$ cat final-v7.csv   # CSV, C-alpha atoms and all ligand atoms
chain,number,residue,atom,x,y,z
A,7,GLU,CA,13.7,-0.1,-5.1
A,8,ASN,CA,11.0,2.5,-5.7
A,9,SER,CA,12.0,5.8,-7.3
A,10,THR,CA,10.1,8.8,-5.9
A,11,LEU,CA,6.7,9.3,-7.5
A,12,VAL,CA,5.7,12.7,-9.0
A,13,VAL,CA,2.5,13.6,-7.2
A,14,ALA,CA,0.4,16.6,-8.4
A,15,LEU,CA,-2.1,18.3,-6.2
A,16,THR,CA,-5.0,20.2,-7.7
A,17,ARG,CA,-5.8,22.2,-4.6
A,18,LYS,CA,-4.0,23.6,-1.5
A,19,LEU,CA,-4.2,20.9,1.2
A,20,PRO,CA,-3.6,21.3,4.9
A,21,GLU,CA,-0.1,22.5,5.6
A,22,GLY,CA,1.0,19.5,7.6
A,23,ILE,CA,-0.3,17.1,4.9
A,24,GLU,CA,1.6,19.0,2.1
A,25,LYS,CA,4.7,18.9,4.3
A,26,ARG,CA,4.5,15.1,4.8
A,27,MET,CA,3.8,14.6,1.1
A,28,ALA,CA,6.8,16.7,0.1
A,29,GLU,CA,9.0,14.5,2.3
A,30,LEU,CA,7.6,11.3,0.8
A,31,PHE,CA,7.1,12.2,-2.8
A,32,ASP,CA,8.3,14.5,-5.5
A,33,LEU,CA,5.4,16.9,-4.9
A,34,ILE,CA,3.9,19.4,-7.4
A,35,ALA,CA,1.8,21.6,-5.1
A,36,HIS,CA,-0.9,24.0,-6.4
A,37,ARG,CA,-0.1,27.4,-5.1
A,38,HIS,CA,-3.4,29.2,-5.9
A,39,ASP,CA,-6.4,29.2,-3.6
A,40,ARG,CA,-8.8,28.1,-6.4
A,41,ALA,CA,-9.5,25.1,-8.5
A,42,MET,CA,-7.2,24.3,-11.4
A,43,THR,CA,-8.1,25.5,-14.9
A,44,ARG,CA,-8.5,22.9,-17.6
A,45,ARG,CA,-5.1,23.8,-19.0
A,46,GLU,CA,-3.5,23.4,-15.6
A,47,LEU,CA,-5.2,20.0,-15.2
A,48,GLN,CA,-3.9,19.0,-18.5
A,49,THR,CA,-0.3,19.9,-17.6
A,50,ALA,CA,-0.8,17.9,-14.4
A,51,VAL,CA,-1.9,14.7,-16.1
A,52,GLU,CA,0.9,15.1,-18.7
A,53,THR,CA,3.6,15.2,-16.0
A,54,ALA,CA,2.6,13.3,-12.9
A,55,ASP,CA,2.6,9.7,-11.8
A,56,VAL,CA,-0.1,10.4,-9.3
A,57,LEU,CA,-2.9,13.0,-9.5
A,58,VAL,CA,-4.7,14.1,-6.4
A,59,PRO,CA,-7.9,15.9,-7.5
A,60,THR,CA,-11.0,17.1,-5.6
A,61,LEU,CA,-14.7,17.2,-6.5
A,62,SER,CA,-14.2,20.4,-8.4
A,63,ASP,CA,-11.9,18.8,-11.0
A,64,SER,CA,-13.6,17.2,-14.0
A,65,ILE,CA,-11.4,14.1,-14.7
A,66,ASP,CA,-13.2,13.0,-17.9
A,67,ALA,CA,-12.2,10.9,-20.9
A,68,GLU,CA,-11.0,13.9,-22.8
A,69,LEU,CA,-8.7,15.0,-20.1
A,70,LEU,CA,-7.4,11.5,-19.6
A,71,SER,CA,-6.6,11.3,-23.3
A,72,HIS,CA,-3.8,13.8,-22.5
A,73,ALA,CA,-2.4,11.7,-19.7
A,74,SER,CA,1.1,10.5,-20.1
A,75,PRO,CA,1.6,6.7,-19.8
A,76,ARG,CA,3.3,7.4,-16.5
A,77,LEU,CA,0.0,8.5,-14.8
A,78,LYS,CA,-0.9,5.4,-12.9
A,79,LEU,CA,-3.0,6.6,-9.9
A,80,ILE,CA,-5.7,9.1,-9.3
A,81,ALA,CA,-6.0,9.5,-5.6
A,82,GLN,CA,-9.1,11.6,-5.0
A,83,TYR,CA,-9.1,13.9,-2.0
A,84,GLY,CA,-12.8,13.3,-1.1
A,85,ALA,CA,-15.4,10.5,-0.7
A,86,GLY,CA,-17.5,11.1,-3.8
A,87,THR,CA,-15.7,10.2,-7.1
A,88,ASP,CA,-18.5,11.4,-9.5
A,89,ASN,CA,-16.1,14.0,-11.0
A,90,ILE,CA,-13.9,11.1,-12.3
A,91,ASP,CA,-14.7,8.9,-15.3
A,92,ILE,CA,-13.8,5.7,-13.6
A,93,ASP,CA,-14.3,3.6,-16.7
A,94,ALA,CA,-12.1,5.8,-18.8
A,95,ALA,CA,-9.4,5.7,-16.1
A,96,HIS,CA,-9.7,1.9,-15.9
A,97,ARG,CA,-9.4,1.6,-19.7
A,98,ALA,CA,-6.2,3.7,-19.5
A,99,GLY,CA,-4.8,1.4,-16.8
A,100,ILE,CA,-5.1,4.1,-14.1
A,101,THR,CA,-6.2,3.1,-10.6
A,102,VAL,CA,-8.6,5.3,-8.7
A,103,THR,CA,-9.0,5.7,-5.0
A,104,ASN,CA,-11.0,8.0,-2.7
A,105,THR,CA,-10.9,8.8,1.0
A,106,SER,CA,-13.6,6.7,2.4
A,107,ASN,CA,-14.7,6.5,6.0
A,108,VAL,CA,-13.0,9.6,7.4
A,109,LEU,CA,-15.9,12.0,6.8
A,110,ASN,CA,-18.9,9.8,7.7
A,111,GLU,CA,-19.3,11.2,11.2
A,112,ASP,CA,-18.9,14.9,10.3
A,113,THR,CA,-21.3,14.6,7.4
A,114,ALA,CA,-23.8,12.8,9.6
A,115,ASP,CA,-23.5,15.5,12.3
A,116,MET,CA,-24.3,18.2,9.6
A,117,THR,CA,-27.3,16.1,8.5
A,118,MET,CA,-28.6,16.2,12.1
A,119,ALA,CA,-27.8,19.9,12.3
A,120,LEU,CA,-30.0,20.5,9.2
A,121,ILE,CA,-32.8,18.3,10.5
A,122,LEU,CA,-32.8,20.1,13.9
A,123,ALA,CA,-32.4,23.6,12.3
A,124,GLY,CA,-35.3,22.8,10.0
A,125,GLN,CA,-37.7,21.3,12.5
A,126,ARG,CA,-36.9,23.8,15.2
A,127,ARG,CA,-36.6,27.0,13.0
A,128,LEU,CA,-33.1,27.8,14.2
A,129,VAL,CA,-32.1,30.1,11.3
A,130,GLU,CA,-35.4,31.8,11.3
A,131,GLY,CA,-35.4,32.5,15.0
A,132,SER,CA,-31.9,33.8,15.0
A,133,ARG,CA,-32.7,36.0,12.0
A,134,GLN,CA,-35.8,37.4,13.6
A,135,LEU,CA,-34.0,38.3,16.8
A,136,LEU,CA,-31.4,40.2,14.9
A,137,SER,CA,-33.7,42.1,12.7
A,138,ASP,CA,-34.6,45.5,14.3
A,139,GLY,CA,-37.4,45.2,16.8
A,140,ALA,CA,-38.8,42.2,15.1
A,141,TRP,CA,-39.1,40.1,18.3
A,142,PRO,CA,-42.4,40.8,19.9
A,143,GLY,CA,-41.4,38.9,23.1
A,144,TRP,CA,-42.3,35.5,24.3
A,145,SER,CA,-45.7,34.1,23.7
A,146,PRO,CA,-47.2,30.6,23.8
A,147,ASP,CA,-47.5,30.4,20.1
A,148,PHE,CA,-44.2,32.0,19.2
A,149,MET,CA,-41.8,30.2,16.8
A,150,LEU,CA,-43.4,26.8,17.1
A,151,GLY,CA,-41.5,24.1,15.4
A,152,LYS,CA,-42.0,20.4,15.1
A,153,ARG,CA,-41.1,17.7,17.6
A,154,LEU,CA,-38.4,15.3,16.4
A,155,SER,CA,-39.1,12.3,18.5
A,156,GLY,CA,-41.6,9.9,17.1
A,157,LYS,CA,-41.2,11.2,13.6
A,158,LYS,CA,-40.2,9.0,10.7
A,159,LEU,CA,-36.8,9.6,9.0
A,160,GLY,CA,-36.2,8.1,5.6
A,161,ILE,CA,-32.6,7.5,4.6
A,162,LEU,CA,-31.9,7.2,0.9
A,163,GLY,CA,-28.6,5.2,0.7
A,164,MET,CA,-27.7,3.3,3.9
A,165,GLY,CA,-24.0,3.1,3.4
A,166,ARG,CA,-21.5,4.3,5.9
A,167,ILE,CA,-22.8,7.9,6.1
A,168,GLY,CA,-26.4,6.8,6.1
A,169,THR,CA,-25.7,4.4,8.9
A,170,ALA,CA,-24.0,7.2,10.9
A,171,VAL,CA,-27.1,9.4,10.4
A,172,ALA,CA,-29.4,6.6,11.5
A,173,ARG,CA,-27.4,6.1,14.8
A,174,ARG,CA,-27.7,9.7,15.6
A,175,ALA,CA,-31.3,9.9,14.6
A,176,ARG,CA,-32.1,7.0,16.8
A,177,ALA,CA,-30.8,8.9,19.8
A,178,PHE,CA,-33.2,11.7,19.0
A,179,GLY,CA,-36.1,9.3,19.0
A,180,LEU,CA,-36.7,9.2,15.2
A,181,GLU,CA,-38.0,6.1,13.6
A,182,ILE,CA,-35.6,4.9,10.9
A,183,HIS,CA,-36.8,3.8,7.4
A,184,TYR,CA,-34.4,3.3,4.5
A,185,HIS,CA,-34.1,2.5,0.9
A,186,ASN,CA,-30.9,0.9,-0.5
A,187,ARG,CA,-30.0,-1.4,-3.3
A,188,SER,CA,-30.0,-4.2,-0.7
A,189,PRO,CA,-30.8,-4.4,3.0
A,190,VAL,CA,-28.1,-3.9,5.6
A,191,SER,CA,-27.1,-6.8,7.8
A,192,SER,CA,-29.9,-8.0,10.1
A,193,LYS,CA,-27.6,-7.1,13.0
A,194,THR,CA,-27.4,-3.5,11.9
A,195,GLU,CA,-31.1,-3.4,11.1
A,196,THR,CA,-31.9,-4.6,14.6
A,197,GLU,CA,-29.4,-2.2,16.2
A,198,LEU,CA,-31.0,0.7,14.4
A,199,ALA,CA,-34.6,-0.7,14.6
A,200,ALA,CA,-34.6,0.2,10.9
A,201,THR,CA,-37.3,-0.7,8.4
A,202,TYR,CA,-36.0,-1.6,4.9
A,203,TRP,CA,-38.1,-0.4,1.8
A,204,ASP,CA,-37.2,-2.3,-1.3
A,205,SER,CA,-39.3,0.3,-3.2
A,206,LEU,CA,-38.4,4.0,-2.8
A,207,ASP,CA,-41.8,4.9,-4.2
A,208,GLN,CA,-43.5,3.2,-1.3
A,209,MET,CA,-41.2,4.7,1.3
A,210,LEU,CA,-41.5,8.3,0.2
A,211,PRO,CA,-45.1,8.9,1.3
A,212,LYS,CA,-44.4,7.4,4.7
A,213,VAL,CA,-41.6,9.6,6.0
A,214,ASP,CA,-41.7,13.1,7.7
A,215,ILE,CA,-38.0,13.7,6.9
A,216,LEU,CA,-35.9,12.4,4.0
A,217,SER,CA,-32.1,12.4,4.0
A,218,VAL,CA,-30.1,11.8,0.8
A,219,ASN,CA,-27.0,9.8,1.6
A,220,CYS,CA,-26.2,7.9,-1.6
A,221,PRO,CA,-23.4,8.5,-4.1
A,222,TYR,CA,-24.1,10.2,-7.3
A,223,THR,CA,-23.7,7.7,-10.2
A,224,PRO,CA,-25.5,7.4,-13.6
A,225,ALA,CA,-28.0,5.2,-11.7
A,226,THR,CA,-28.8,7.9,-9.1
A,227,TYR,CA,-29.0,10.9,-11.4
A,228,HIS,CA,-32.4,12.6,-10.6
A,229,LEU,CA,-33.4,9.6,-8.5
A,230,LEU,CA,-35.6,12.0,-6.7
A,231,SER,CA,-37.5,13.0,-9.9
A,232,ARG,CA,-40.5,15.2,-10.1
A,233,ARG,CA,-42.8,12.2,-9.9
A,234,ARG,CA,-41.0,10.7,-6.9
A,235,LEU,CA,-40.8,14.1,-5.1
A,236,SER,CA,-44.6,14.4,-5.6
A,237,LEU,CA,-45.0,11.3,-3.5
A,238,MET,CA,-43.7,13.0,-0.4
A,239,GLN,CA,-46.0,14.4,2.2
A,240,PRO,CA,-46.8,18.1,1.9
A,241,GLU,CA,-45.2,18.8,5.3
A,242,ALA,CA,-42.1,16.7,4.6
A,243,PHE,CA,-38.6,18.0,5.0
A,244,LEU,CA,-35.8,17.0,2.6
A,245,ILE,CA,-32.1,17.0,3.4
A,246,ASN,CA,-29.3,16.7,0.8
A,247,THR,CA,-25.7,16.5,1.9
A,248,ALA,CA,-24.7,14.1,-0.9
A,249,ARG,CA,-24.8,15.6,-4.5
A,250,GLY,CA,-27.2,18.1,-6.1
A,251,GLU,CA,-27.6,15.9,-9.2
A,252,ILE,CA,-29.5,13.2,-7.2
A,253,ILE,CA,-32.5,15.6,-7.0
A,254,ASP,CA,-34.4,17.2,-9.9
A,255,GLU,CA,-33.7,20.6,-8.4
A,256,PRO,CA,-36.2,22.7,-10.6
A,257,ALA,CA,-38.9,20.1,-9.7
A,258,LEU,CA,-38.1,20.4,-6.0
A,259,ILE,CA,-38.3,24.2,-6.2
A,260,ASP,CA,-41.7,24.0,-7.9
A,261,LEU,CA,-43.0,21.7,-5.3
A,262,LEU,CA,-41.7,23.9,-2.5
A,263,GLU,CA,-43.2,27.0,-4.0
A,264,GLN,CA,-46.5,25.2,-4.4
A,265,GLY,CA,-46.5,24.0,-0.8
A,266,LYS,CA,-46.4,20.4,-1.8
A,267,ILE,CA,-43.1,19.8,0.1
A,268,GLY,CA,-42.7,21.4,3.5
A,269,GLY,CA,-39.1,22.5,3.4
A,270,ALA,CA,-35.5,21.5,2.7
A,271,GLY,CA,-32.0,21.7,4.0
A,272,LEU,CA,-29.6,21.7,1.1
A,273,ASP,CA,-25.8,21.5,1.3
A,274,VAL,CA,-25.3,20.7,-2.4
A,275,PHE,CA,-26.8,22.0,-5.6
A,276,GLU,CA,-27.1,21.0,-9.2
A,277,ALA,CA,-25.2,23.9,-10.6
A,278,GLN,CA,-23.0,24.7,-7.6
A,279,PRO,CA,-21.4,27.1,-6.9
A,280,THR,CA,-24.1,28.9,-8.8
A,281,LEU,CA,-27.4,29.0,-6.9
A,282,ASP,CA,-30.9,29.0,-8.5
A,283,PRO,CA,-32.3,32.5,-7.5
A,284,ARG,CA,-35.6,30.8,-6.7
A,285,LEU,CA,-33.9,28.9,-3.9
A,286,VAL,CA,-32.4,32.0,-2.6
A,287,ARG,CA,-35.9,33.5,-2.4
A,288,LEU,CA,-37.2,30.4,-0.6
A,289,ALA,CA,-34.4,30.7,1.9
A,290,GLN,CA,-35.2,34.4,2.5
A,291,GLU,CA,-38.8,33.3,3.2
A,292,ASN,CA,-37.4,30.7,5.7
A,293,ARG,CA,-38.7,27.8,3.6
A,294,VAL,CA,-35.3,26.2,3.0
A,295,ILE,CA,-31.9,26.3,4.7
A,296,LEU,CA,-29.0,26.5,2.3
A,297,LEU,CA,-25.4,25.7,3.1
A,298,PRO,CA,-22.3,26.0,0.9
A,299,HIS,CA,-21.2,22.4,0.6
A,300,MET,CA,-19.8,22.2,4.1
A,301,ALA,CA,-21.1,19.0,5.6
A,302,SER,CA,-17.7,17.4,5.9
A,303,ALA,CA,-15.8,20.6,6.5
A,304,THR,CA,-14.0,20.1,9.8
A,305,ARG,CA,-10.2,20.6,10.3
A,306,GLU,CA,-10.0,17.0,11.5
A,307,ALA,CA,-11.7,15.6,8.4
A,308,ARG,CA,-9.5,17.5,6.0
A,309,ILE,CA,-6.3,16.2,7.8
A,310,ASP,CA,-7.7,12.6,7.9
A,311,MET,CA,-8.5,12.8,4.2
A,312,GLY,CA,-4.9,13.9,3.5
A,313,GLU,CA,-3.6,11.0,5.5
A,314,LYS,CA,-5.9,8.6,3.6
A,315,VAL,CA,-4.5,10.0,0.3
A,316,ILE,CA,-0.9,9.4,1.6
A,317,ILE,CA,-1.8,5.8,2.6
A,318,ASN,CA,-3.4,5.1,-0.8
A,319,ILE,CA,-0.4,6.4,-2.7
A,320,ARG,CA,2.2,4.6,-0.5
A,321,THR,CA,0.3,1.3,-0.7
A,322,PHE,CA,0.1,1.6,-4.5
A,323,MET,CA,3.8,2.6,-4.7
A,324,ASP,CA,4.7,-0.6,-2.8
A,325,GLY,CA,2.9,-2.6,-5.4
A,326,HIS,CA,-0.1,-3.5,-3.3
A,327,ARG,CA,-3.8,-2.8,-3.8
A,328,PRO,CA,-4.6,0.5,-2.2
A,329,PRO,CA,-7.3,0.3,0.6
A,330,ASP,CA,-9.8,2.7,-1.0
A,331,ARG,CA,-9.6,1.5,-4.6
A,332,ILE,CA,-12.8,2.3,-6.6
A,333,LEU,CA,-13.8,-0.3,-9.1
A,334,PRO,CA,-15.6,0.6,-12.4
A,335,ASN,CA,-19.3,-0.1,-12.9
A,336,ARG,CA,-20.3,0.1,-9.3
A,337,ALA,CA,-23.5,1.9,-10.3
B,401,LIG,C1,-15.6,17.4,0.5
B,401,LIG,C2,-17.5,15.8,-0.5
B,401,LIG,O1,-15.8,18.8,0.7
B,401,LIG,O2,-15.9,14.1,0.0
B,401,LIG,C3,-16.9,14.4,-0.7
B,401,LIG,O3,-17.4,13.7,-1.5
B,401,LIG,O4,-18.4,16.1,-1.2
B,401,LIG,C4,-17.0,16.8,0.5
B,401,LIG,O5,-17.3,16.3,1.7
B,401,LIG,C5,-14.8,17.1,-0.7
B,401,LIG,O6,-14.4,15.8,-0.7
B,401,LIG,C6,-13.6,17.9,-0.8
B,401,LIG,O7,-12.9,17.5,-2.0

$ encode --input "final-v7.csv" --output "structure tokens"
Amino acid sequence: ENSTLVVALTRKLPEGIEKRMAELFDLIAHRHDRAMTRRELQTAVETADVLVPTLSDSIDAELLSHASPRLKLIAQYGAGTDNIDIDAAHRAGITVTNTSNVLNEDTADMTMALILAGQRRLVEGSRQLLSDGAWPGWSPDFMLGKRLSGKKLGILGMGRIGTAVARRARAFGLEIHYHNRSPVSSKTETELAATYWDSLDQMLPKVDILSVNCPYTPATYHLLSRRRLSLMQPEAFLINTARGEIIDEPALIDLLEQGKIGGAGLDVFEAQPTLDPRLVRLAQENRVILLPHMASATREARIDMGEKVIINIRTFMDGHRPPDRILPNRA
């Protein structure tokens, strides 16, 4: 028979989720409304059988060197696992899982929101209306944006989120282009009328809008380098709802300032939560739209993510392979 597992949370999770976890496990909740300090994380890996971290916790080799042998599972509350040294965990005999699939739709919705807001000047229009007397009244050339339908959308990373973006974008009349390590099934390609580009360099000059939807791994660090960003059209609009590190952010800012890239909708940043002041200036000039990492932030997603964590822990506890296991070296 299984003895109850000691499960340590690094953040406050939705109340209902914590309640269920407390019924199922010997739960160590985190009572503060902030990320754990390094010392608190260290205590957690020293005491728990299962750690439930989030993207703000750096679970690196040094931290794992403090783990007690009883730590057997890291069940990440989130889709991306770039905050975890998967290889180091694997070497220590620790299984890693994420919460895949439950935030695809919400993240794709926010991608569309950023595309629409950028092309149709949503934030700028609202801001102008609210600033005293700044609205001169309707005129034929007032607040003209760009038509979506007929434009080319490039998707960098055609996984589950990228595919969800493509489905939505199709309904808006966008033409779908994508770069991925390998093409999707021909059935999906036909359904989305999507064009596969084996070479990212060749796709970049072709697209009007580019959406980043790949995971951040050593192989995708600064995948959008200065050289590659320079291949984009001067009018192009770049969306990032994945991870800041995939784009060379200072290079992007330079190109935006020089008018060599049209605009950007960014939900993630290289040094988040710290923002580059040059980005703030560009946002004030309505050249970019900035969001505080909220693409998957719906109540429903946060509950579904908690349920996924519970399923992963229970499956593991029963001696089976958890559904969302992350294998090392997937880069
Ligand atoms: C979440 C995310 O906010 O899941 C991810 O990878 O980046 C975000 O959607 C995060 O998971 C919360 O930990």

$ closest_residue --input "final-v7.csv" --among "A:Asn89, A:Ser231, A:Ser236, A:Gln290" --to "Leu69 (chain A)" --atoms "all atoms listed in the file"
A:Asn89

$ residues_near_ligand --input "final-v7.csv" --ligand "ligand LIG 401 (chain B)" --cutoff "10 Å" --atoms "all atoms listed in the file" --output "ChimeraX atom specification"
/A:17,19,58-63,82-89,104-110,112-113,221-222,247-249,273-274,298-304,307-308,311

$ closest_residue --input "final-v7.csv" --among "A:Val56, A:Leu262, A:Leu30, A:Ala67" --to "Thr101 (chain A)" --atoms "only C-alpha atoms"
A:Val56

$ atom_distance --input "final-v7.csv" --atom1 "CA of Arg232 (chain A)" --atom2 "CA of Ala257 (chain A)"
5.2 Å

$ atom_distance --input "final-v7.csv" --atom1 "CA of Pro329 (chain A)" --atom2 "CA of Leu70 (chain A)"
23.1 Å

$ closest_residue --input "final-v7.csv" --among "A:Asn186, A:Leu57, A:Gly265, A:Arg320" --to "Arg166 (chain A)" --atoms "all atoms listed in the file"
A:Asn186

$ closest_residue --input "final-v7.csv" --among "A:Arg97, A:Val102, A:His38, A:Glu130" --to "Phe322 (chain A)" --atoms "only C-alpha atoms"
A:Val102

$ closest_residue --input "final-v7.csv" --among "A:His228, A:Arg127, A:Lys25, A:His183" --to "Gly269 (chain A)" --atoms "only C-alpha atoms"
A:Arg127

$ closest_residue --input "final-v7.csv" --among "A:Ile167, A:Ile65, A:Leu159, A:Ile245" --to "Pro211 (chain A)" --atoms "all atoms listed in the file"
A:Leu159

$ decode --input "final-v7.csv" --residues "region 49-116 of chain A" --atoms "C-alpha atoms" --output "PDB file, in the first residue's frame"
ATOM      1  CA  THR A  49      14.161  23.370   2.360  1.00  0.00           C
ATOM      2  CA  ALA A  50      11.425  22.121   0.032  1.00  0.00           C
ATOM      3  CA  VAL A  51      13.747  19.789  -1.908  1.00  0.00           C
ATOM      4  CA  GLU A  52      15.250  18.586   1.361  1.00  0.00           C
ATOM      5  CA  THR A  53      11.890  17.535   2.776  1.00  0.00           C
ATOM      6  CA  ALA A  54       9.442  16.629   0.001  1.00  0.00           C
ATOM      7  CA  ASP A  55       8.799  13.501  -2.080  1.00  0.00           C
ATOM      8  CA  VAL A  56       7.219  15.653  -4.767  1.00  0.00           C
ATOM      9  CA  LEU A  57       7.997  19.287  -5.619  1.00  0.00           C
ATOM     10  CA  VAL A  58       5.420  21.374  -7.510  1.00  0.00           C
ATOM     11  CA  PRO A  59       7.323  24.391  -8.891  1.00  0.00           C
ATOM     12  CA  THR A  60       6.352  27.070 -11.401  1.00  0.00           C
ATOM     13  CA  LEU A  61       8.274  28.957 -14.074  1.00  0.00           C
ATOM     14  CA  SER A  62       9.635  31.426 -11.502  1.00  0.00           C
ATOM     15  CA  ASP A  63      11.597  28.742  -9.603  1.00  0.00           C
ATOM     16  CA  SER A  64      15.056  27.911 -10.863  1.00  0.00           C
ATOM     17  CA  ILE A  65      15.386  24.151 -10.337  1.00  0.00           C
ATOM     18  CA  ASP A  66      19.031  23.845 -11.340  1.00  0.00           C
ATOM     19  CA  ALA A  67      21.760  21.288 -10.630  1.00  0.00           C
ATOM     20  CA  GLU A  68      22.988  23.203  -7.575  1.00  0.00           C
ATOM     21  CA  LEU A  69      19.522  23.194  -6.000  1.00  0.00           C
ATOM     22  CA  LEU A  70      19.068  19.516  -6.842  1.00  0.00           C
ATOM     23  CA  SER A  71      22.359  18.715  -5.104  1.00  0.00           C
ATOM     24  CA  HIS A  72      20.506  19.546  -1.877  1.00  0.00           C
ATOM     25  CA  ALA A  73      17.610  17.213  -2.661  1.00  0.00           C
ATOM     26  CA  SER A  74      17.053  14.351  -0.283  1.00  0.00           C
ATOM     27  CA  PRO A  75      16.946  10.893  -1.891  1.00  0.00           C
ATOM     28  CA  ARG A  76      13.207  10.830  -1.190  1.00  0.00           C
ATOM     29  CA  LEU A  77      12.564  13.532  -3.822  1.00  0.00           C
ATOM     30  CA  LYS A  78      11.331  11.475  -6.775  1.00  0.00           C
ATOM     31  CA  LEU A  79       9.038  13.746  -8.782  1.00  0.00           C
ATOM     32  CA  ILE A  80       9.060  17.363  -9.933  1.00  0.00           C
ATOM     33  CA  ALA A  81       5.537  18.064 -11.152  1.00  0.00           C
ATOM     34  CA  GLN A  82       5.780  21.500 -12.771  1.00  0.00           C
ATOM     35  CA  TYR A  83       2.672  23.714 -12.603  1.00  0.00           C
ATOM     36  CA  GLY A  84       3.036  25.028 -16.156  1.00  0.00           C
ATOM     37  CA  ALA A  85       3.703  23.980 -19.735  1.00  0.00           C
ATOM     38  CA  GLY A  86       7.254  25.261 -20.199  1.00  0.00           C
ATOM     39  CA  THR A  87       9.931  23.477 -18.159  1.00  0.00           C
ATOM     40  CA  ASP A  88      12.892  25.701 -19.085  1.00  0.00           C
ATOM     41  CA  ASN A  89      13.305  26.619 -15.396  1.00  0.00           C
ATOM     42  CA  ILE A  90      14.214  22.981 -14.637  1.00  0.00           C
ATOM     43  CA  ASP A  91      17.533  21.280 -15.410  1.00  0.00           C
ATOM     44  CA  ILE A  92      15.905  18.136 -16.809  1.00  0.00           C
ATOM     45  CA  ASP A  93      19.245  16.363 -17.303  1.00  0.00           C
ATOM     46  CA  ALA A  94      20.341  17.000 -13.723  1.00  0.00           C
ATOM     47  CA  ALA A  95      16.957  15.781 -12.455  1.00  0.00           C
ATOM     48  CA  HIS A  96      17.232  12.676 -14.604  1.00  0.00           C
ATOM     49  CA  ARG A  97      20.737  11.949 -13.305  1.00  0.00           C
ATOM     50  CA  ALA A  98      19.378  12.221  -9.761  1.00  0.00           C
ATOM     51  CA  GLY A  99      16.633   9.731 -10.614  1.00  0.00           C
ATOM     52  CA  ILE A 100      13.902  12.367 -10.433  1.00  0.00           C
ATOM     53  CA  THR A 101      10.981  12.252 -12.883  1.00  0.00           C
ATOM     54  CA  VAL A 102       9.789  15.588 -14.328  1.00  0.00           C
ATOM     55  CA  THR A 103       6.275  16.328 -15.585  1.00  0.00           C
ATOM     56  CA  ASN A 104       4.515  19.453 -16.880  1.00  0.00           C
ATOM     57  CA  THR A 105       0.877  20.400 -17.495  1.00  0.00           C
ATOM     58  CA  SER A 106       0.637  20.011 -21.234  1.00  0.00           C
ATOM     59  CA  ASN A 107      -2.462  20.603 -23.334  1.00  0.00           C
ATOM     60  CA  VAL A 108      -4.601  22.558 -20.870  1.00  0.00           C
ATOM     61  CA  LEU A 109      -3.353  26.022 -21.800  1.00  0.00           C
ATOM     62  CA  ASN A 110      -3.116  25.719 -25.587  1.00  0.00           C
ATOM     63  CA  GLU A 111      -6.456  27.347 -26.372  1.00  0.00           C
ATOM     64  CA  ASP A 112      -6.068  30.254 -23.962  1.00  0.00           C
ATOM     65  CA  THR A 113      -2.542  31.003 -25.153  1.00  0.00           C
ATOM     66  CA  ALA A 114      -3.720  30.858 -28.770  1.00  0.00           C
ATOM     67  CA  ASP A 115      -6.584  33.239 -27.922  1.00  0.00           C
ATOM     68  CA  MET A 116      -4.121  35.751 -26.492  1.00  0.00           C
TER      69      MET A 116
END
